[in-house]
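Source file: start.pdb; contents: PDB, C-alpha atoms, pLDDT in the B column.
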```
ATOM      1  CA  MET A   7       0.000   0.000   0.000  1.00 50.00           C
ATOM      2  CA  ALA A   8       1.458   3.353  -0.992  1.00 54.00           C
ATOM      3  CA  PHE A   9       1.264   6.448   1.139  1.00 59.00           C
ATOM      4  CA  GLY A  10       0.450   9.789  -0.410  1.00 58.00           C
ATOM      5  CA  SER A  11      -2.457  11.942  -1.471  1.00 60.00           C
ATOM      6  CA  PHE A  12      -5.832  10.669  -2.500  1.00 64.00           C
ATOM      7  CA  ASN A  13      -5.426  12.176  -5.959  1.00 62.00           C
ATOM      8  CA  GLN A  14      -4.162   9.655  -8.392  1.00 66.00           C
ATOM      9  CA  GLY A  15      -2.900  12.130 -11.026  1.00 64.00           C
ATOM     10  CA  PRO A  16       0.069  14.505 -10.876  1.00 69.00           C
ATOM     11  CA  ALA A  17      -0.488  17.580  -8.714  1.00 67.00           C
ATOM     12  CA  ALA A  18      -1.193  20.707 -10.750  1.00 68.00           C
ATOM     13  CA  PRO A  19       0.597  23.904  -9.751  1.00 71.00           C
ATOM     14  CA  MET A  20      -1.467  26.516  -7.971  1.00 69.00           C
ATOM     15  CA  ALA A  21      -2.662  29.049 -10.521  1.00 75.00           C
ATOM     16  CA  GLU A  22      -3.445  31.938  -8.177  1.00 81.00           C
ATOM     17  CA  PRO A  23      -1.142  32.917  -5.283  1.00 80.00           C
ATOM     18  CA  ASN A  24      -2.695  33.820  -1.955  1.00 85.00           C
ATOM     19  CA  THR A  25      -2.443  37.628  -1.711  1.00 87.00           C
ATOM     20  CA  THR A  26      -4.340  38.041   1.552  1.00 89.00           C
ATOM     21  CA  PRO A  27      -1.201  38.232   3.774  1.00 89.00           C
ATOM     22  CA  LEU A  28       0.361  40.765   1.417  1.00 90.00           C
ATOM     23  CA  VAL A  29      -2.747  42.961   1.526  1.00 92.00           C
ATOM     24  CA  ASP A  30      -2.866  42.708   5.328  1.00 94.00           C
ATOM     25  CA  VAL A  31       0.745  43.834   5.672  1.00 94.00           C
ATOM     26  CA  MET A  32       0.268  46.701   3.242  1.00 94.00           C
ATOM     27  CA  LEU A  33      -2.817  47.946   5.122  1.00 95.00           C
ATOM     28  CA  VAL A  34      -0.939  47.859   8.431  1.00 95.00           C
ATOM     29  CA  LEU A  35       1.942  49.841   6.898  1.00 95.00           C
ATOM     30  CA  LEU A  36      -0.520  52.337   5.438  1.00 94.00           C
ATOM     31  CA  VAL A  37      -2.101  52.905   8.854  1.00 94.00           C
ATOM     32  CA  VAL A  38       1.331  53.322  10.479  1.00 92.00           C
ATOM     33  CA  PHE A  39       2.387  55.907   7.883  1.00 89.00           C
ATOM     34  CA  ILE A  40      -0.919  57.786   8.179  1.00 89.00           C
ATOM     35  CA  ILE A  41      -0.451  58.055  11.943  1.00 87.00           C
ATOM     36  CA  THR A  42       3.235  59.022  11.951  1.00 83.00           C
ATOM     37  CA  THR A  43       3.325  61.474   9.035  1.00 80.00           C
ATOM     38  CA  PRO A  44       1.678  64.399  10.876  1.00 76.00           C
ATOM     39  CA  LEU A  45       4.181  63.986  13.711  1.00 71.00           C
ATOM     40  CA  LEU A  46       7.083  64.479  11.312  1.00 68.00           C
ATOM     41  CA  THR A  47       5.757  67.671   9.747  1.00 67.00           C
ATOM     42  CA  ASN A  48       4.715  69.551  12.897  1.00 63.00           C
ATOM     43  CA  ALA A  49       7.805  70.754  14.690  1.00 59.00           C
ATOM     44  CA  VAL A  50       7.839  72.893  17.783  1.00 60.00           C
ATOM     45  CA  LYS A  51       9.777  76.130  17.305  1.00 65.00           C
ATOM     46  CA  VAL A  52      12.115  76.777  20.216  1.00 58.00           C
ATOM     47  CA  ASP A  53      14.657  79.573  20.546  1.00 59.00           C
ATOM     48  CA  LEU A  54      17.640  77.946  22.182  1.00 56.00           C
ATOM     49  CA  PRO A  55      19.908  79.982  24.458  1.00 61.00           C
ATOM     50  CA  HIS A  56      23.477  80.756  23.427  1.00 70.00           C
ATOM     51  CA  ALA A  57      26.317  80.144  25.864  1.00 65.00           C
ATOM     52  CA  GLN A  58      30.045  80.739  25.792  1.00 74.00           C
ATOM     53  CA  ALA A  59      32.247  78.139  27.437  1.00 64.00           C
ATOM     54  CA  ALA A  60      35.983  77.896  27.821  1.00 64.00           C
ATOM     55  CA  GLU A  61      37.726  75.274  25.734  1.00 60.00           C
ATOM     56  CA  HIS A  62      38.547  72.080  27.584  1.00 52.00           C
ATOM     57  CA  GLN A  63      42.224  72.326  28.516  1.00 57.00           C
ATOM     58  CA  ASP A  64      42.908  68.818  29.894  1.00 55.00           C
ATOM     59  CA  LYS A  65      44.229  67.464  26.606  1.00 61.00           C
ATOM     60  CA  PRO A  66      47.456  65.516  26.893  1.00 61.00           C
ATOM     61  CA  GLU A  67      50.441  66.756  24.956  1.00 80.00           C
ATOM     62  CA  GLN A  68      50.708  65.349  21.464  1.00 89.00           C
ATOM     63  CA  ILE A  69      53.878  64.620  19.549  1.00 89.00           C
ATOM     64  CA  ARG A  70      53.482  64.637  15.783  1.00 91.00           C
ATOM     65  CA  LEU A  71      56.186  62.524  14.200  1.00 91.00           C
ATOM     66  CA  VAL A  72      56.220  62.474  10.392  1.00 90.00           C
ATOM     67  CA  VAL A  73      58.321  60.150   8.255  1.00 89.00           C
ATOM     68  CA  ASP A  74      58.524  61.210   4.607  1.00 89.00           C
ATOM     69  CA  ALA A  75      59.161  58.988   1.589  1.00 86.00           C
ATOM     70  CA  ALA A  76      62.939  59.495   1.865  1.00 88.00           C
ATOM     71  CA  GLY A  77      62.943  58.315   5.489  1.00 88.00           C
ATOM     72  CA  LYS A  78      63.536  61.767   7.008  1.00 90.00           C
ATOM     73  CA  LEU A  79      61.943  62.360  10.405  1.00 92.00           C
ATOM     74  CA  PHE A  80      60.060  65.514  11.441  1.00 92.00           C
ATOM     75  CA  TRP A  81      59.170  66.200  15.084  1.00 91.00           C
ATOM     76  CA  ASP A  82      56.272  68.688  15.127  1.00 89.00           C
ATOM     77  CA  ASP A  83      57.176  69.768  11.568  1.00 87.00           C
ATOM     78  CA  LYS A  84      60.867  70.329  12.425  1.00 90.00           C
ATOM     79  CA  PRO A  85      63.583  67.991  11.108  1.00 92.00           C
ATOM     80  CA  VAL A  86      65.101  65.657  13.670  1.00 93.00           C
ATOM     81  CA  ALA A  87      67.816  63.013  13.449  1.00 92.00           C
ATOM     82  CA  GLU A  88      67.006  59.408  14.267  1.00 91.00           C
ATOM     83  CA  ALA A  89      69.672  59.405  16.998  1.00 92.00           C
ATOM     84  CA  GLU A  90      67.896  62.272  18.811  1.00 93.00           C
ATOM     85  CA  LEU A  91      64.572  60.419  19.109  1.00 92.00           C
ATOM     86  CA  PRO A  92      65.246  58.499  22.357  1.00 93.00           C
ATOM     87  CA  ALA A  93      66.278  61.639  24.233  1.00 94.00           C
ATOM     88  CA  ARG A  94      63.302  63.597  22.924  1.00 93.00           C
ATOM     89  CA  PHE A  95      60.849  60.820  23.799  1.00 93.00           C
ATOM     90  CA  ALA A  96      62.338  60.516  27.288  1.00 93.00           C
ATOM     91  CA  ALA A  97      62.073  64.277  27.867  1.00 92.00           C
ATOM     92  CA  ALA A  98      58.478  64.369  26.608  1.00 91.00           C
ATOM     93  CA  SER A  99      57.393  61.418  28.758  1.00 91.00           C
ATOM     94  CA  THR A 100      58.997  62.817  31.917  1.00 91.00           C
ATOM     95  CA  ALA A 101      57.343  66.178  31.338  1.00 89.00           C
ATOM     96  CA  ASN A 102      53.936  64.564  30.760  1.00 88.00           C
ATOM     97  CA  PRO A 103      53.421  60.817  31.370  1.00 87.00           C
ATOM     98  CA  GLU A 104      50.189  60.912  29.307  1.00 88.00           C
ATOM     99  CA  VAL A 105      51.921  62.165  26.161  1.00 90.00           C
ATOM    100  CA  GLU A 106      50.601  60.742  22.891  1.00 91.00           C
ATOM    101  CA  LEU A 107      52.595  60.017  19.736  1.00 91.00           C
ATOM    102  CA  HIS A 108      50.781  60.614  16.453  1.00 90.00           C
ATOM    103  CA  LEU A 109      52.836  58.946  13.741  1.00 89.00           C
ATOM    104  CA  SER A 110      52.347  59.790  10.058  1.00 88.00           C
ATOM    105  CA  ALA A 111      54.434  57.783   7.630  1.00 87.00           C
ATOM    106  CA  ASP A 112      54.530  57.918   3.852  1.00 86.00           C
ATOM    107  CA  LYS A 113      53.353  54.696   2.245  1.00 84.00           C
ATOM    108  CA  ALA A 114      56.643  54.391   0.340  1.00 85.00           C
ATOM    109  CA  VAL A 115      58.880  54.602   3.436  1.00 86.00           C
ATOM    110  CA  ARG A 116      60.739  51.496   4.616  1.00 89.00           C
ATOM    111  CA  TYR A 117      59.092  49.754   7.530  1.00 88.00           C
ATOM    112  CA  GLU A 118      62.446  49.620   9.325  1.00 91.00           C
ATOM    113  CA  THR A 119      62.422  53.404   9.827  1.00 90.00           C
ATOM    114  CA  VAL A 120      58.929  53.340  11.321  1.00 90.00           C
ATOM    115  CA  ALA A 121      59.753  50.342  13.519  1.00 92.00           C
ATOM    116  CA  LYS A 122      62.849  52.058  14.932  1.00 92.00           C
ATOM    117  CA  ALA A 123      60.825  55.180  15.773  1.00 93.00           C
ATOM    118  CA  LEU A 124      58.128  53.085  17.477  1.00 92.00           C
ATOM    119  CA  ALA A 125      60.722  51.135  19.453  1.00 93.00           C
ATOM    120  CA  ALA A 126      62.416  54.342  20.611  1.00 93.00           C
ATOM    121  CA  ALA A 127      59.078  55.740  21.741  1.00 93.00           C
ATOM    122  CA  GLN A 128      58.129  52.604  23.646  1.00 92.00           C
ATOM    123  CA  LYS A 129      61.536  52.228  25.335  1.00 93.00           C
ATOM    124  CA  ASN A 130      61.440  55.822  26.550  1.00 91.00           C
ATOM    125  CA  GLY A 131      58.019  55.871  28.189  1.00 90.00           C
ATOM    126  CA  VAL A 132      55.606  56.889  25.411  1.00 90.00           C
ATOM    127  CA  GLY A 133      52.804  54.348  25.680  1.00 87.00           C
ATOM    128  CA  LYS A 134      50.028  55.961  23.681  1.00 90.00           C
ATOM    129  CA  ILE A 135      50.738  55.714  19.974  1.00 90.00           C
ATOM    130  CA  GLY A 136      48.372  56.526  17.130  1.00 87.00           C
ATOM    131  CA  PHE A 137      48.825  56.131  13.399  1.00 85.00           C
ATOM    132  CA  VAL A 138      47.571  58.990  11.216  1.00 83.00           C
ATOM    133  CA  THR A 139      46.166  58.052   7.821  1.00 78.00           C
ATOM    134  CA  ALA A 140      44.513  59.969   5.018  1.00 72.00           C
ATOM    135  CA  ALA A 141      40.748  59.675   4.567  1.00 61.00           C
ATOM    136  CA  GLN A 142      39.561  57.873   1.465  1.00 52.00           C
TER     137      GLN A 142
END
```
Turn this file's structure into structure tokens for me.
Amino acid sequence: MAFGSFNQGPAAPMAEPNTTPLVDVMLVLLVVFIITTPLLTNAVKVDLPHAQAAEHQDKPEQIRLVVDAAGKLFWDDKPVAEAELPARFAAASTANPEVELHLSADKAVRYETVAKALAAAQKNGVGKIGFVTAAQ
């Protein structure tokens, strides 16, 4: 005895899809939009007060170190030799332990130059390091 439907012939595909759920969803969305649209167009006009405040001054010192394509180093836009970096990092970290290093390196520069600068910063107490990139 075979199990299956009572129809002996092949099942014919359904000719008309059931659109009742689609209509129900569309009517609910229509009601939601009808209710919320007036709320979006009626805004309350409020004159806000103007206030002057002092700029927040608790920013830690930032060191901008730039490495150009030739491998030359610039400390806050002034040329610096690679041998001077450890002393400068040590002086900056003793003056402010929360000093941050913002490192900008040209994409054509050798990684060795950047790695030496990062190592000098880390060995001399600069713990916060950020890499500056250009926006796309």
Task: the PyMOL selection byres ((chain A and resi 132) around 7) resolved against shown file, as a ChimeraX atom specification - done: /A:95,99,105-106,127-128,130-131,133-134
- [ ] Could you list the residues chosen by the PyMOL selection byres ((chain A and resi 72) around 6) in this structure as a list in words?
- [x]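 Applied to this file, the PyMOL selection byres ((chain A and resi 72) around 6) selects Leu71, Val73, Leu79, Phe80, Leu109, Ser110 and Ala111 of chain A.
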Export, as a short mmCIF file (atom, residue, chain, number, x, y, z; two decimals), in the coordinates of the input, the selected residues with C-alpha atoms.
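Result file part_32.cif:
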```cif
data_model
loop_
_atom_site.label_atom_id
_atom_site.label_comp_id
_atom_site.auth_asym_id
_atom_site.auth_seq_id
_atom_site.Cartn_x
_atom_site.Cartn_y
_atom_site.Cartn_z
CA LEU A 71 56.19 62.52 14.20
CA VAL A 73 58.32 60.15 8.26
CA LEU A 79 61.94 62.36 10.40
CA PHE A 80 60.06 65.51 11.44
CA LEU A 109 52.84 58.95 13.74
CA SER A 110 52.35 59.79 10.06
CA ALA A 111 54.43 57.78 7.63
#
```
Task: From A:Ala123, A:Tyr117, A:Pro19, A:Phe137, residue lying nearest Trp81 in chain A [only C-alpha atoms] - done: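 Comparing A:Ala123, A:Tyr117, A:Pro19, A:Phe137 against Trp81 in chain A, the winner is A:Ala123.
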- [ ] Choose the residue, out of A:Ile69, A:Ala114, A:Ala93, A:Val29, that has the smallest atom-to-atom separation from Gly136 in chain A; count all atoms listed in the file.
- [x]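 Going through A:Ile69, A:Ala114, A:Ala93, A:Val29 one by one, the smallest distance to Gly136 in chain A is for A:Ile69.
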Open item on the list: So the first atom is CA of Thr100 in chain A and the second is CA of Gln68 in chain A; what is the distance between them in Å, to one decimal place?
Closed with: 13.6 Å
Open item on the list: Measuring between all atoms listed in the file, which one of A:Leu124, A:Arg116, A:Glu67, A:His56 shows the shortest distance to Asn102 in chain A?
Closed with: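 Checking each candidate against Asn102 in chain A, we get A:Glu67 as the closest.
Atom to atom, CA of Ala125 in chain A and CA of Pro92 in chain A stand 9.1 Å apart.
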- [ ] Go ahead and compute the interatomic distance for CA of Ala96 in chain A and CA of Val115 in chain A, in Å to one decimal.
- [x]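 Atom-to-atom, CA of Ala96 in chain A to CA of Val115 in chain A, that is 24.8 Å.
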Task: Residue nearest Leu107 in chain A among A:Ala126, A:Val34, A:Glu88, A:Arg70 (counting all atoms listed in the file) - done: A:Arg70
